[in-house]
file entry-v1.pdb (PDB, C-alpha atoms)
ATOM      1  CA  MET A  71     -11.929   3.808  28.553
ATOM      2  CA  GLN A  72     -14.539   5.576  26.443
ATOM      3  CA  LEU A  73     -16.886   5.583  29.437
ATOM      4  CA  PHE A  74     -14.396   7.726  31.353
ATOM      5  CA  PHE A  75     -14.225  10.182  28.464
ATOM      6  CA  LEU A  76     -18.020  10.412  28.456
ATOM      7  CA  ILE A  77     -18.069  11.018  32.214
ATOM      8  CA  SER A  78     -15.390  13.689  31.812
ATOM      9  CA  GLY A  79     -17.513  15.432  29.206
ATOM     10  CA  TYR A  80     -20.536  15.259  31.497
ATOM     11  CA  LEU A  81     -18.786  16.644  34.571
ATOM     12  CA  LEU A  82     -16.348  19.166  33.150
ATOM     13  CA  VAL A  83     -18.841  21.108  31.071
ATOM     14  CA  GLN A  84     -19.944  22.708  34.345
ATOM     15  CA  SER A  85     -16.402  23.707  35.305
ATOM     16  CA  ALA A  86     -15.456  25.818  32.294
ATOM     17  CA  ASP A  87     -15.653  29.568  32.717
ATOM     18  CA  ARG A  88     -16.967  31.976  30.097
ATOM     19  CA  ARG A  89     -14.702  34.959  30.706
ATOM     20  CA  ARG A  90     -11.644  33.489  32.381
ATOM     21  CA  TRP A  91     -10.265  30.529  30.478
ATOM     22  CA  ALA A  92      -6.879  30.697  32.192
ATOM     23  CA  PRO A  93      -8.235  29.857  35.683
ATOM     24  CA  PHE A  94     -10.119  26.889  34.259
ATOM     25  CA  LEU A  95      -7.032  25.499  32.528
ATOM     26  CA  ALA A  96      -4.821  26.256  35.523
ATOM     27  CA  GLY A  97      -7.323  24.515  37.763
ATOM     28  CA  ARG A  98      -7.239  21.422  35.581
ATOM     29  CA  ALA A  99      -3.441  21.435  35.555
ATOM     30  CA  VAL A 100      -3.301  21.696  39.349
ATOM     31  CA  ARG A 101      -5.899  18.958  39.602
ATOM     32  CA  ILE A 102      -4.185  16.534  37.208
ATOM     33  CA  LEU A 103      -0.430  17.074  37.144
ATOM     34  CA  PRO A 104       0.779  16.827  40.780
ATOM     35  CA  CYS A 105      -0.706  13.351  41.253
ATOM     36  CA  TYR A 106       0.589  12.401  37.832
ATOM     37  CA  TRP A 107       4.117  13.550  38.688
ATOM     38  CA  VAL A 108       4.177  11.692  41.994
ATOM     39  CA  ALA A 109       2.812   8.548  40.358
ATOM     40  CA  LEU A 110       5.294   8.813  37.484
ATOM     41  CA  CYS A 111       8.265   9.086  39.838
ATOM     42  CA  ALA A 112       7.027   6.280  42.074
ATOM     43  CA  ALA A 113       6.342   4.005  39.105
ATOM     44  CA  ALA A 114       9.756   4.664  37.558
ATOM     45  CA  TRP A 115      11.390   3.786  40.878
ATOM     46  CA  MET A 116       9.312   0.623  41.372
ATOM     47  CA  LEU A 117       9.832  -0.660  37.832
ATOM     48  CA  GLY A 118      13.393   0.526  37.270
ATOM     49  CA  ARG A 119      12.450   2.631  34.257
ATOM     50  CA  PRO A 120      14.182   5.880  33.196
ATOM     51  CA  LEU A 121      13.018   9.040  34.899
ATOM     52  CA  VAL A 122      15.238  11.578  33.120
ATOM     53  CA  PRO A 123      16.427  11.854  29.503
ATOM     54  CA  ALA A 124      19.654  10.128  28.569
ATOM     55  CA  GLY A 125      20.649  12.808  26.076
ATOM     56  CA  ALA A 126      19.644  16.014  24.327
ATOM     57  CA  ASP A 127      17.756  14.084  21.649
ATOM     58  CA  GLU A 128      15.297  12.872  24.302
ATOM     59  CA  VAL A 129      14.527  16.216  25.949
ATOM     60  CA  LEU A 130      11.383  17.010  23.952
ATOM     61  CA  ASP A 131      10.090  13.482  24.422
ATOM     62  CA  TYR A 132      10.798  13.758  28.135
ATOM     63  CA  LEU A 133       9.003  17.100  28.489
ATOM     64  CA  ALA A 134       5.996  15.718  26.636
ATOM     65  CA  SER A 135       5.880  12.851  29.101
ATOM     66  CA  VAL A 136       6.265  15.170  32.103
ATOM     67  CA  PHE A 137       3.252  17.238  31.064
ATOM     68  CA  ALA A 138       1.116  14.211  30.147
ATOM     69  CA  LEU A 139       1.419  14.889  26.425
ATOM     70  CA  GLY A 140       3.259  11.692  25.633
ATOM     71  CA  HIS A 141       0.656  10.485  23.174
ATOM     72  CA  LEU A 142       1.832  13.256  20.852
ATOM     73  CA  ARG A 143       5.425  11.972  21.091
ATOM     74  CA  PRO A 144       5.364   8.184  20.621
ATOM     75  CA  TYR A 145       9.014   7.650  21.486
ATOM     76  CA  GLY A 146       8.595   9.665  24.677
ATOM     77  CA  LEU A 147       5.631   7.565  25.742
ATOM     78  CA  TYR A 148       7.554   4.398  24.934
ATOM     79  CA  ARG A 149      10.657   5.579  26.794
ATOM     80  CA  PHE A 150       9.333   7.405  29.859
ATOM     81  CA  ASP A 151       5.769   6.267  30.530
ATOM     82  CA  SER A 152       5.858   4.030  33.591
ATOM     83  CA  LEU A 153       2.115   4.291  34.250
ATOM     84  CA  PHE A 154       0.888   2.821  30.945
ATOM     85  CA  VAL A 155      -2.258   4.974  31.050
ATOM     86  CA  SER A 156      -0.666   8.347  30.308
ATOM     87  CA  TRP A 157      -1.960   8.389  26.733
ATOM     88  CA  THR A 158      -5.486   8.993  28.001
ATOM     89  CA  LEU A 159      -4.367  12.149  29.811
ATOM     90  CA  THR A 160      -3.109  13.571  26.521
ATOM     91  CA  ILE A 161      -6.583  13.060  25.090
ATOM     92  CA  GLU A 162      -8.093  14.668  28.191
ATOM     93  CA  TRP A 163      -5.869  17.724  27.629
ATOM     94  CA  THR A 164      -7.352  18.222  24.173
ATOM     95  CA  TRP A 165     -10.783  18.298  25.810
ATOM     96  CA  TYR A 166      -9.627  20.803  28.431
ATOM     97  CA  LEU A 167      -8.289  23.073  25.696
ATOM     98  CA  GLY A 168     -11.320  22.802  23.450
ATOM     99  CA  LEU A 169     -14.068  22.926  26.066
ATOM    100  CA  PRO A 170     -13.831  26.645  26.959
ATOM    101  CA  LEU A 171     -14.125  27.621  23.302
ATOM    102  CA  LEU A 172     -17.074  25.305  22.740
ATOM    103  CA  ALA A 173     -18.801  26.486  25.894
ATOM    104  CA  TRP A 174     -18.288  30.129  24.921
ATOM    105  CA  ALA A 175     -19.753  29.446  21.481
ATOM    106  CA  ALA A 176     -22.691  27.576  23.032
ATOM    107  CA  ALA A 177     -23.462  30.517  25.295
ATOM    108  CA  ARG A 178     -23.261  32.949  22.377
ATOM    109  CA  SER A 179     -25.543  30.788  20.243
ATOM    110  CA  GLY A 180     -28.504  31.353  22.559
ATOM    111  CA  ARG A 181     -29.541  27.723  22.102
ATOM    112  CA  PRO A 182     -26.960  25.691  24.000
ATOM    113  CA  VAL A 183     -28.749  22.358  23.716
ATOM    114  CA  ARG A 184     -28.962  22.616  19.941
ATOM    115  CA  PHE A 185     -25.367  23.783  19.777
ATOM    116  CA  TRP A 186     -24.050  20.848  21.799
ATOM    117  CA  CYS A 187     -26.196  18.452  19.794
ATOM    118  CA  ALA A 188     -24.719  19.806  16.554
ATOM    119  CA  ALA A 189     -21.220  19.644  18.045
ATOM    120  CA  ALA A 190     -21.737  16.007  19.070
ATOM    121  CA  ILE A 191     -22.930  15.100  15.572
ATOM    122  CA  ALA A 192     -19.972  16.895  13.991
ATOM    123  CA  ALA A 193     -17.583  15.110  16.358
ATOM    124  CA  ALA A 194     -19.183  11.766  15.515
ATOM    125  CA  VAL A 195     -18.627  12.367  11.806
ATOM    126  CA  LEU A 196     -15.037  13.495  12.411
ATOM    127  CA  SER A 197     -14.306  10.508  14.649
ATOM    128  CA  HIS A 198     -15.713   8.062  12.134
ATOM    129  CA  LEU A 199     -13.722   9.558   9.262
ATOM    130  CA  TRP A 200     -10.539   9.678  11.351
ATOM    131  CA  VAL A 201     -10.751   6.030  12.395
ATOM    132  CA  MET A 202     -11.571   4.920   8.850
ATOM    133  CA  ALA A 203      -8.566   6.821   7.496
ATOM    134  CA  ALA A 204      -6.301   5.460  10.240
ATOM    135  CA  GLN A 205      -7.414   1.877   9.688
ATOM    136  CA  ALA A 206      -6.793   2.265   5.956
ATOM    137  CA  GLY A 207      -3.240   3.474   6.619
ATOM    138  CA  ARG A 208      -3.825   6.953   5.201
ATOM    139  CA  LEU A 209      -2.479   8.600   8.364
ATOM    140  CA  ASP A 210       0.640   6.464   8.752
ATOM    141  CA  GLY A 211       2.900   9.341   7.793
ATOM    142  CA  VAL A 212       1.974  11.276  10.926
ATOM    143  CA  TYR A 213       4.243   9.190  13.158
ATOM    144  CA  ALA A 214       6.293   7.201  10.646
ATOM    145  CA  GLU A 215       9.683   8.397  11.897
ATOM    146  CA  PRO A 216       8.953   8.041  15.653
ATOM    147  CA  PHE A 217       7.590   4.548  15.014
ATOM    148  CA  ARG A 218      10.778   3.509  13.226
ATOM    149  CA  ARG A 219      12.742   4.941  16.128
ATOM    150  CA  ILE A 220      10.892   2.598  18.473
ATOM    151  CA  THR A 221      11.085  -0.547  16.338
ATOM    152  CA  PRO A 222      11.578  -1.604  12.707
ATOM    153  CA  ASP A 223       9.368  -4.679  13.158
ATOM    154  CA  PRO A 224       6.374  -4.419  10.740
ATOM    155  CA  ALA A 225       4.120  -6.391  13.097
ATOM    156  CA  ALA A 226       4.915  -3.999  15.935
ATOM    157  CA  LEU A 227       4.323  -1.022  13.652
ATOM    158  CA  GLU A 228       0.726  -2.138  13.162
ATOM    159  CA  ALA A 229       0.222  -2.193  16.929
ATOM    160  CA  LEU A 230       1.791   1.265  17.198
ATOM    161  CA  ARG A 231      -0.567   2.575  14.532
ATOM    162  CA  VAL A 232      -3.543   1.435  16.574
ATOM    163  CA  ALA A 233      -2.089   2.798  19.813
ATOM    164  CA  PHE A 234      -1.117   6.246  18.542
ATOM    165  CA  VAL A 235      -3.191   7.003  15.443
ATOM    166  CA  THR A 236      -6.400   4.992  15.425
ATOM    167  CA  VAL A 237      -7.320   5.886  19.020
ATOM    168  CA  ALA A 238      -5.938   9.445  18.957
ATOM    169  CA  ALA A 239      -7.926  12.414  20.246
ATOM    170  CA  PRO A 240     -10.053  12.934  17.092
ATOM    171  CA  ALA A 241     -11.357   9.388  17.527
ATOM    172  CA  GLN A 242     -12.381  10.072  21.138
ATOM    173  CA  TRP A 243     -14.009  13.489  21.036
ATOM    174  CA  THR A 244     -17.408  11.986  20.296
ATOM    175  CA  TYR A 245     -17.515  10.557  23.806
ATOM    176  CA  PHE A 246     -16.670  13.867  25.470
ATOM    177  CA  LEU A 247     -19.332  15.689  23.500
ATOM    178  CA  ILE A 248     -21.996  13.060  24.136
ATOM    179  CA  GLY A 249     -21.292  13.488  27.842
ATOM    180  CA  ALA A 250     -21.460  17.279  27.582
ATOM    181  CA  LEU A 251     -24.739  17.085  25.676
ATOM    182  CA  MET A 252     -26.235  14.807  28.325
ATOM    183  CA  ARG A 253     -25.297  17.328  31.007
ATOM    184  CA  VAL A 254     -26.653  20.366  29.202
ATOM    185  CA  ALA A 255     -29.848  18.546  28.204
ATOM    186  CA  GLN A 256     -30.199  16.686  31.494
ATOM    187  CA  ASP A 257     -33.922  17.463  31.833
ATOM    188  CA  ARG A 258     -34.613  15.812  28.495
ATOM    189  CA  VAL A 259     -32.233  12.966  29.267
ATOM    190  CA  ALA A 260     -34.129  12.314  32.503
ATOM    191  CA  SER A 261     -37.317  11.795  30.493
ATOM    192  CA  ILE A 262     -35.850   8.941  28.422
ATOM    193  CA  PRO A 263     -37.720   5.725  29.321
ATOM    194  CA  VAL A 264     -35.673   3.136  31.162
ATOM    195  CA  TRP A 265     -36.631   0.451  28.661
ATOM    196  CA  ALA A 266     -35.255   2.559  25.811
ATOM    197  CA  ALA A 267     -31.945   3.132  27.612
ATOM    198  CA  VAL A 268     -31.647  -0.585  28.399
ATOM    199  CA  LEU A 269     -32.411  -1.521  24.795
ATOM    200  CA  VAL A 270     -29.811   0.880  23.393
ATOM    201  CA  ALA A 271     -27.158  -0.292  25.849
ATOM    202  CA  LEU A 272     -27.830  -3.980  25.182
ATOM    203  CA  VAL A 273     -27.895  -3.664  21.399
ATOM    204  CA  LEU A 274     -24.789  -1.505  21.080
ATOM    205  CA  LEU A 275     -22.701  -2.813  23.990
ATOM    206  CA  GLY A 276     -23.817  -6.429  24.184
ATOM    207  CA  ASP A 277     -21.435  -7.565  21.448
ATOM    208  CA  PRO A 278     -18.704  -4.922  20.958
ATOM    209  CA  ALA A 279     -16.937  -6.904  18.233
ATOM    210  CA  ARG A 280     -20.130  -7.193  16.209
ATOM    211  CA  THR A 281     -20.892  -3.496  16.691
ATOM    212  CA  ALA A 282     -17.404  -2.550  15.494
ATOM    213  CA  ALA A 283     -17.706  -4.904  12.522
ATOM    214  CA  LEU A 284     -21.044  -3.413  11.487
ATOM    215  CA  SER A 285     -19.770   0.153  11.765
ATOM    216  CA  GLY A 286     -16.461  -0.669  10.104
ATOM    217  CA  THR A 287     -14.491   1.240  12.740
ATOM    218  CA  ASP A 288     -13.017   0.567  16.163
ATOM    219  CA  PRO A 289     -13.435   2.666  18.275
ATOM    220  CA  THR A 290     -16.907   3.346  16.977
ATOM    221  CA  VAL A 291     -19.482   6.074  17.496
ATOM    222  CA  ALA A 292     -22.061   3.379  18.233
ATOM    223  CA  THR A 293     -20.187   2.555  21.433
ATOM    224  CA  GLY A 294     -20.640   6.142  22.594
ATOM    225  CA  ILE A 295     -24.384   5.940  22.022
ATOM    226  CA  GLY A 296     -24.534   2.643  23.893
ATOM    227  CA  LEU A 297     -22.564   4.111  26.784
ATOM    228  CA  ALA A 298     -24.980   7.037  26.845
ATOM    229  CA  GLY A 299     -27.814   4.552  27.326
ATOM    230  CA  LEU A 300     -25.909   2.943  30.177
ATOM    231  CA  PHE A 301     -25.218   6.361  31.663
ATOM    232  CA  VAL A 302     -28.924   7.218  31.571
ATOM    233  CA  LEU A 303     -29.560   4.191  33.775
ATOM    234  CA  ALA A 304     -26.839   5.282  36.201
ATOM    235  CA  LEU A 305     -28.406   8.733  36.488
ATOM    236  CA  ARG A 306     -31.672   7.142  37.618
ATOM    237  CA  VAL A 307     -30.052   5.735  40.765
ATOM    238  CA  PRO A 308     -30.935   7.881  43.831
ATOM    239  CA  ALA A 309     -27.865   9.801  44.963
ATOM    240  CA  GLY A 310     -28.478   8.988  48.633
ATOM    241  CA  ALA A 311     -28.812   5.225  48.247
ATOM    242  CA  ARG A 312     -26.935   3.494  51.060
ATOM    243  CA  TRP A 313     -25.509   0.807  48.829
ATOM    244  CA  LEU A 314     -23.714   3.540  46.889
ATOM    245  CA  LEU A 315     -21.560   4.579  49.857
ATOM    246  CA  PRO A 316     -18.737   2.087  49.107
ATOM    247  CA  LEU A 317     -18.800   3.216  45.487
ATOM    248  CA  HIS A 318     -18.472   6.822  46.630
ATOM    249  CA  ARG A 319     -15.306   5.882  48.476
ATOM    250  CA  VAL A 320     -13.939   4.152  45.405
ATOM    251  CA  GLY A 321     -14.870   7.258  43.424
ATOM    252  CA  ASP A 322     -12.845   9.402  45.818
ATOM    253  CA  LEU A 323      -9.807   7.252  45.057
ATOM    254  CA  SER A 324     -10.540   6.834  41.357
ATOM    255  CA  TYR A 325      -7.785   9.062  39.969
ATOM    256  CA  PRO A 326      -4.975   7.664  42.174
ATOM    257  CA  LEU A 327      -6.259   4.142  41.515
ATOM    258  CA  TYR A 328      -6.213   4.833  37.808
ATOM    259  CA  LEU A 329      -2.656   6.143  37.858
ATOM    260  CA  LEU A 330      -1.163   3.523  40.157
ATOM    261  CA  HIS A 331      -2.945   0.252  39.476
ATOM    262  CA  VAL A 332      -0.686  -0.884  36.623
ATOM    263  CA  PRO A 333       2.774  -0.037  38.048
ATOM    264  CA  VAL A 334       1.963  -1.279  41.554
ATOM    265  CA  THR A 335       0.554  -4.505  40.142
ATOM    266  CA  MET A 336       3.589  -4.994  37.899
ATOM    267  CA  ALA A 337       6.005  -4.305  40.759
ATOM    268  CA  ILE A 338       4.350  -6.905  42.986
ATOM    269  CA  VAL A 339       4.018  -9.479  40.200
ATOM    270  CA  GLN A 340       7.744  -9.155  39.485
ATOM    271  CA  ARG A 341       8.648  -9.867  43.098
ATOM    272  CA  VAL A 342       6.053 -12.319  44.440
ATOM    273  CA  ALA A 343       5.337 -15.840  43.251
ATOM    274  CA  PRO A 344       1.893 -16.590  41.782
ATOM    275  CA  GLY A 345      -0.815 -17.521  44.240
ATOM    276  CA  PRO A 346      -3.457 -16.136  46.590
ATOM    277  CA  MET A 347      -0.848 -14.173  48.528
ATOM    278  CA  ARG A 348       0.203 -12.271  45.419
ATOM    279  CA  THR A 349      -3.408 -11.467  44.554
ATOM    280  CA  ALA A 350      -4.019 -10.189  48.073
ATOM    281  CA  LEU A 351      -0.838  -8.109  48.004
ATOM    282  CA  VAL A 352      -1.809  -6.554  44.676
ATOM    283  CA  CYS A 353      -5.235  -5.533  45.991
ATOM    284  CA  LEU A 354      -3.781  -4.224  49.237
ATOM    285  CA  GLY A 355      -0.840  -2.477  47.598
ATOM    286  CA  VAL A 356      -2.914  -0.673  44.983
ATOM    287  CA  THR A 357      -5.496   0.403  47.563
ATOM    288  CA  VAL A 358      -2.962   1.649  50.116
ATOM    289  CA  ALA A 359      -0.903   3.491  47.504
ATOM    290  CA  ALA A 360      -4.024   5.159  46.106
ATOM    291  CA  ALA A 361      -5.269   6.117  49.575
ATOM    292  CA  LEU A 362      -1.926   7.707  50.479
ATOM    293  CA  MET A 363      -1.823   9.673  47.244
ATOM    294  CA  HIS A 364      -5.415  10.799  47.745
ATOM    295  CA  ARG A 365      -4.740  11.996  51.284
ATOM    296  CA  PHE A 366      -1.388  13.702  50.853
ATOM    297  CA  VAL A 367      -1.367  14.805  47.210
ATOM    298  CA  GLU A 368      -4.803  14.804  45.618
ATOM    299  CA  LEU A 369      -6.857  16.499  48.331
ATOM    300  CA  PRO A 370      -4.511  19.497  48.766
ATOM    301  CA  THR A 371      -4.081  20.009  45.030
ATOM    302  CA  ARG A 372      -7.807  19.537  44.365
ATOM    303  CA  ALA A 373      -8.550  22.327  46.832
ATOM    304  CA  ALA A 374      -6.027  24.570  45.091
ATOM    305  CA  GLY A 375      -7.528  23.757  41.706
ATOM    306  CA  ALA A 376     -11.032  24.520  42.939
ATOM    307  CA  ARG A 377      -9.901  27.945  44.143
ATOM    308  CA  LEU A 378      -8.412  28.707  40.744
ATOM    309  CA  ALA A 379     -11.505  27.511  38.900
ATOM    310  CA  ARG A 380     -13.775  29.729  41.017
ATOM    311  CA  ARG A 381     -11.952  32.933  40.133
ATOM    312  CA  GLY A 382     -14.014  33.465  36.977
ATOM    313  CA  PRO A 383     -17.223  35.503  37.282
ATOM    314  CA  ARG A 384     -19.686  32.725  36.439
ATOM    315  CA  ALA A 385     -20.046  29.429  34.653
ATOM    316  CA  ILE A 386     -20.672  29.250  30.937
ATOM    317  CA  ILE A 387     -23.617  26.936  31.335
ATOM    318  CA  ASP A 388     -26.100  27.178  34.150
ATOM    319  CA  VAL A 389     -26.043  23.669  35.588
ATOM    320  CA  PRO A 390     -26.155  22.440  39.187
ATOM    321  CA  THR A 391     -22.841  22.089  40.985
ATOM    322  CA  ASN A 392     -21.538  18.550  41.245
ATOM    323  CA  PRO A 393     -21.307  17.875  44.996
ATOM    324  CA  ARG A 394     -18.598  15.217  44.674
ATOM    325  CA  GLY A 395     -15.930  17.223  42.902
ATOM    326  CA  ASP A 396     -15.173  18.219  39.360
ATOM    327  CA  ARG A 397     -14.359  14.864  37.792
TER     328      ARG A 397
END
call {"tool": "encode", "arguments": {"input": "entry-v1.pdb", "output": "structure tokens"}}
result
Amino acid sequence: MQLFFLISGYLLVQSADRRRWAPFLAGRAVRILPCYWVALCAAAWMLGRPLVPAGADEVLDYLASVFALGHLRPYGLYRFDSLFVSWTLTIEWTWYLGLPLLAWAAARSGRPVRFWCAAAIAAAVLSHLWVMAAQAGRLDGVYAEPFRRITPDPAALEALRVAFVTVAAPAQWTYFLIGALMRVAQDRVASIPVWAAVLVALVLLGDPARTAALSGTDPTVATGIGLAGLFVLALRVPAGARWLLPLHRVGDLSYPLYLLHVPVTMAIVQRVAPGPMRTALVCLGVTVAAALMHRFVELPTRAAGARLARRGPRAIIDVPTNPRGDR
């Protein structure tokens, strides 16, 4: 999951606008929410989960779920999330809200690379302190009441702490900012020797449990550095390589695949007996559902979002346009 946050930081830093924050945020909303709404409705129908609140006491939780902010309302995520990945969109929203301010400050600083480097270091310190405090139970009071509303089981409460506090947005911002720094300093990143990138990736990603144990936190900042090494290797691959064409197609479907893979898989598993046929149906069902969403929902809304994002006068950071979209 952290790799996707790093990629988001890398790609979206070019989309923010210095003078018109509203078009940037509106563009992200148009890009993210329509597919999310369609997937949420389809998943609720497939899995027989609630789609509307049962009473007035669930309205705020429901609205948080509708706007992909369920990770801020644990009971709402528990009650209305039929996708089981919605929590990551809440974390993405914090990045969308913070990025324009950071990009504006970077432009005003006159030294954007140094600014983003300092921001990444500050985020790493914040993330480390947040995870340490969460693991020690010092942040349990944040969601104590919603957790009790979900379950009184102490064992389940520990799992809820990890799901809603330990991996909350402050723990993830390091990955966004590492990605943004790699984009802004792409010329310097391109000069990193391949052997160094491989070494960093192997040491820090080869044994995640050991890395987390050494750092004392999970998620850990070391994982972000290891992913950066892996990302450096990916950037060395020629964009026009023929063997990348199938991956490009998968990339086109990545957001619908991400939203739909869990509910479609669960719906098929509930209805089909184990065996090769079920495996084939899962692969086919997820792919077809994602392709339909891409064609009839994502492409039209992506075009609308791109028009909104272009309304600002110019980008905050002068970087090349990403030819494959804004994600």
call {"tool": "resolve_selection", "arguments": {"input": "entry-v1.pdb", "expression": "the PyMOL selection byres ((chain A and resi 270) around 9)", "output": "compact mmCIF listing (two decimals) with C-alpha atoms, keeping the file's coordinate frame"}}
result
# COMPACT_ATOMS: atom_id res chain seq x y z
CA TRP A 265 -36.63 0.45 28.66
CA ALA A 266 -35.26 2.56 25.81
CA ALA A 267 -31.94 3.13 27.61
CA VAL A 268 -31.65 -0.58 28.40
CA LEU A 269 -32.41 -1.52 24.80
CA ALA A 271 -27.16 -0.29 25.85
CA LEU A 272 -27.83 -3.98 25.18
CA VAL A 273 -27.90 -3.66 21.40
CA LEU A 274 -24.79 -1.50 21.08
CA LEU A 275 -22.70 -2.81 23.99
CA ILE A 295 -24.38 5.94 22.02
CA GLY A 296 -24.53 2.64 23.89
CA LEU A 297 -22.56 4.11 26.78
CA ALA A 298 -24.98 7.04 26.84
CA GLY A 299 -27.81 4.55 27.33
CA LEU A 300 -25.91 2.94 30.18
call {"tool": "atom_distance", "arguments": {"input": "entry-v1.pdb", "atom1": "CA of Ala311 in chain A", "atom2": "CA of Met252 in chain A"}}
result
22.3 Å
call {"tool": "resolve_selection", "arguments": {"input": "entry-v1.pdb", "expression": "the PyMOL selection byres ((chain A and resi 76-82) around 7)", "output": "list of chain:residue names"}}
result
A:Gln72, A:Leu73, A:Phe74, A:Phe75, A:Val83, A:Gln84, A:Ser85, A:Ala86, A:Tyr245, A:Phe246, A:Leu247, A:Ile248, A:Gly249, A:Ala250, A:Met252, A:Arg253, A:Asp396, A:Arg397
call {"tool": "atom_distance", "arguments": {"input": "entry-v1.pdb", "atom1": "CA of Pro326 in chain A", "atom2": "CA of His364 in chain A"}}
result
6.4 Å
call {"tool": "closest_residue", "arguments": {"input": "entry-v1.pdb", "among": "A:Ala109, A:Met336, A:Val254, A:Ala309", "to": "Ala359 in chain A", "atoms": "all atoms listed in the file"}}
result
A:Ala109
call {"tool": "closest_residue", "arguments": {"input": "entry-v1.pdb", "among": "A:Leu317, A:Ile102, A:Ala292, A:Val352", "to": "His198 in chain A", "atoms": "all atoms listed in the file"}}
result
A:Ala292
call {"tool": "closest_residue", "arguments": {"input": "entry-v1.pdb", "among": "A:Pro222, A:Pro144, A:Gly294, A:Pro104", "to": "Val235 in chain A", "atoms": "all atoms listed in the file"}}
result
A:Pro144
call {"tool": "atom_distance", "arguments": {"input": "entry-v1.pdb", "atom1": "CA of Leu130 in chain A", "atom2": "CA of Tyr145 in chain A"}}
result
10.0 Å
call {"tool": "closest_residue", "arguments": {"input": "entry-v1.pdb", "among": "A:Val232, A:Met116, A:Val155, A:Val320", "to": "Met202 in chain A", "atoms": "only C-alpha atoms"}}
result
A:Val232
call {"tool": "closest_residue", "arguments": {"input": "entry-v1.pdb", "among": "A:Val136, A:Val100, A:Ala175, A:Val237", "to": "Ala203 in chain A", "atoms": "all atoms listed in the file"}}
result
A:Val237
call {"tool": "residues_around", "arguments": {"input": "entry-v1.pdb", "residues": "Ala138 in chain A", "least_positions_apart": "4", "cutoff": "10 Å", "atoms": "all atoms listed in the file", "output": "ChimeraX atom specification"}}
result
/A:102-103,106-107,132-134,142,147,151,155-163
call {"tool": "closest_residue", "arguments": {"input": "entry-v1.pdb", "among": "A:Leu169, A:Arg219, A:Gly375, A:Arg184", "to": "Glu128 in chain A", "atoms": "all atoms listed in the file"}}
result
A:Arg219
call {"tool": "residues_around", "arguments": {"input": "entry-v1.pdb", "residues": "Pro123 in chain A", "least_positions_apart": "2", "cutoff": "10 Å", "atoms": "all atoms listed in the file", "output": "NGL selection string"}}
result
:A and (120-121 or 125-133 or 146 or 149-150)
call {"tool": "resolve_selection", "arguments": {"input": "entry-v1.pdb", "expression": "the PyMOL selection byres ((chain A and resi 231) around 12)", "output": "PyMOL selection string"}}
result
chain A and resi 141+144+201+203-214+216-218+224-230+232-238
call {"tool": "residues_near_point", "arguments": {"input": "entry-v1.pdb", "point": "(-18.8, 3.7, 15.4)", "cutoff": "10 Å", "atoms": "only C-alpha atoms", "output": "MDAnalysis selection string"}}
result
chainID A and resid 194:195 197:199 201:202 241 244 274 281:295
call {"tool": "write_last_selection", "arguments": {"input": "entry-v1.pdb", "atoms": "C-alpha atoms", "output": "mmCIF file, keeping the file's coordinate frame"}}
result
data_model
loop_
_atom_site.group_PDB
_atom_site.id
_atom_site.type_symbol
_atom_site.label_atom_id
_atom_site.label_comp_id
_atom_site.auth_asym_id
_atom_site.auth_seq_id
_atom_site.Cartn_x
_atom_site.Cartn_y
_atom_site.Cartn_z
ATOM 1 C CA ALA A 194 -19.183 11.766 15.515
ATOM 2 C CA VAL A 195 -18.627 12.367 11.806
ATOM 3 C CA SER A 197 -14.306 10.508 14.649
ATOM 4 C CA HIS A 198 -15.713 8.062 12.134
ATOM 5 C CA LEU A 199 -13.722 9.558 9.262
ATOM 6 C CA VAL A 201 -10.751 6.030 12.395
ATOM 7 C CA MET A 202 -11.571 4.920 8.850
ATOM 8 C CA ALA A 241 -11.357 9.388 17.527
ATOM 9 C CA THR A 244 -17.408 11.986 20.296
ATOM 10 C CA LEU A 274 -24.789 -1.505 21.080
ATOM 11 C CA THR A 281 -20.892 -3.496 16.691
ATOM 12 C CA ALA A 282 -17.404 -2.550 15.494
ATOM 13 C CA ALA A 283 -17.706 -4.904 12.522
ATOM 14 C CA LEU A 284 -21.044 -3.413 11.487
ATOM 15 C CA SER A 285 -19.770 0.153 11.765
ATOM 16 C CA GLY A 286 -16.461 -0.669 10.104
ATOM 17 C CA THR A 287 -14.491 1.240 12.740
ATOM 18 C CA ASP A 288 -13.017 0.567 16.163
ATOM 19 C CA PRO A 289 -13.435 2.666 18.275
ATOM 20 C CA THR A 290 -16.907 3.346 16.977
ATOM 21 C CA VAL A 291 -19.482 6.074 17.496
ATOM 22 C CA ALA A 292 -22.061 3.379 18.233
ATOM 23 C CA THR A 293 -20.187 2.555 21.433
ATOM 24 C CA GLY A 294 -20.640 6.142 22.594
ATOM 25 C CA ILE A 295 -24.384 5.940 22.022
#
call {"tool": "build_atoms", "arguments": {"input": "entry-v1.pdb", "residues": "range 333-337 of chain A", "atoms": "N, CA and C atoms", "output": "mmCIF file, in the coordinates of the input"}}
result
data_model
loop_
_atom_site.group_PDB
_atom_site.id
_atom_site.type_symbol
_atom_site.label_atom_id
_atom_site.label_comp_id
_atom_site.auth_asym_id
_atom_site.auth_seq_id
_atom_site.Cartn_x
_atom_site.Cartn_y
_atom_site.Cartn_z
ATOM 1 N N PRO A 333 1.398 0.119 37.541
ATOM 2 C CA PRO A 333 2.774 -0.037 38.048
ATOM 3 C C PRO A 333 2.863 -0.786 39.372
ATOM 4 N N VAL A 334 1.918 -0.556 40.277
ATOM 5 C CA VAL A 334 1.963 -1.279 41.554
ATOM 6 C C VAL A 334 1.748 -2.771 41.316
ATOM 7 N N THR A 335 0.795 -3.092 40.458
ATOM 8 C CA THR A 335 0.554 -4.505 40.142
ATOM 9 C C THR A 335 1.790 -5.137 39.514
ATOM 10 N N MET A 336 2.400 -4.449 38.554
ATOM 11 C CA MET A 336 3.589 -4.994 37.899
ATOM 12 C C MET A 336 4.733 -5.174 38.889
ATOM 13 N N ALA A 337 4.911 -4.209 39.787
ATOM 14 C CA ALA A 337 6.005 -4.305 40.759
ATOM 15 C C ALA A 337 5.826 -5.508 41.675
#
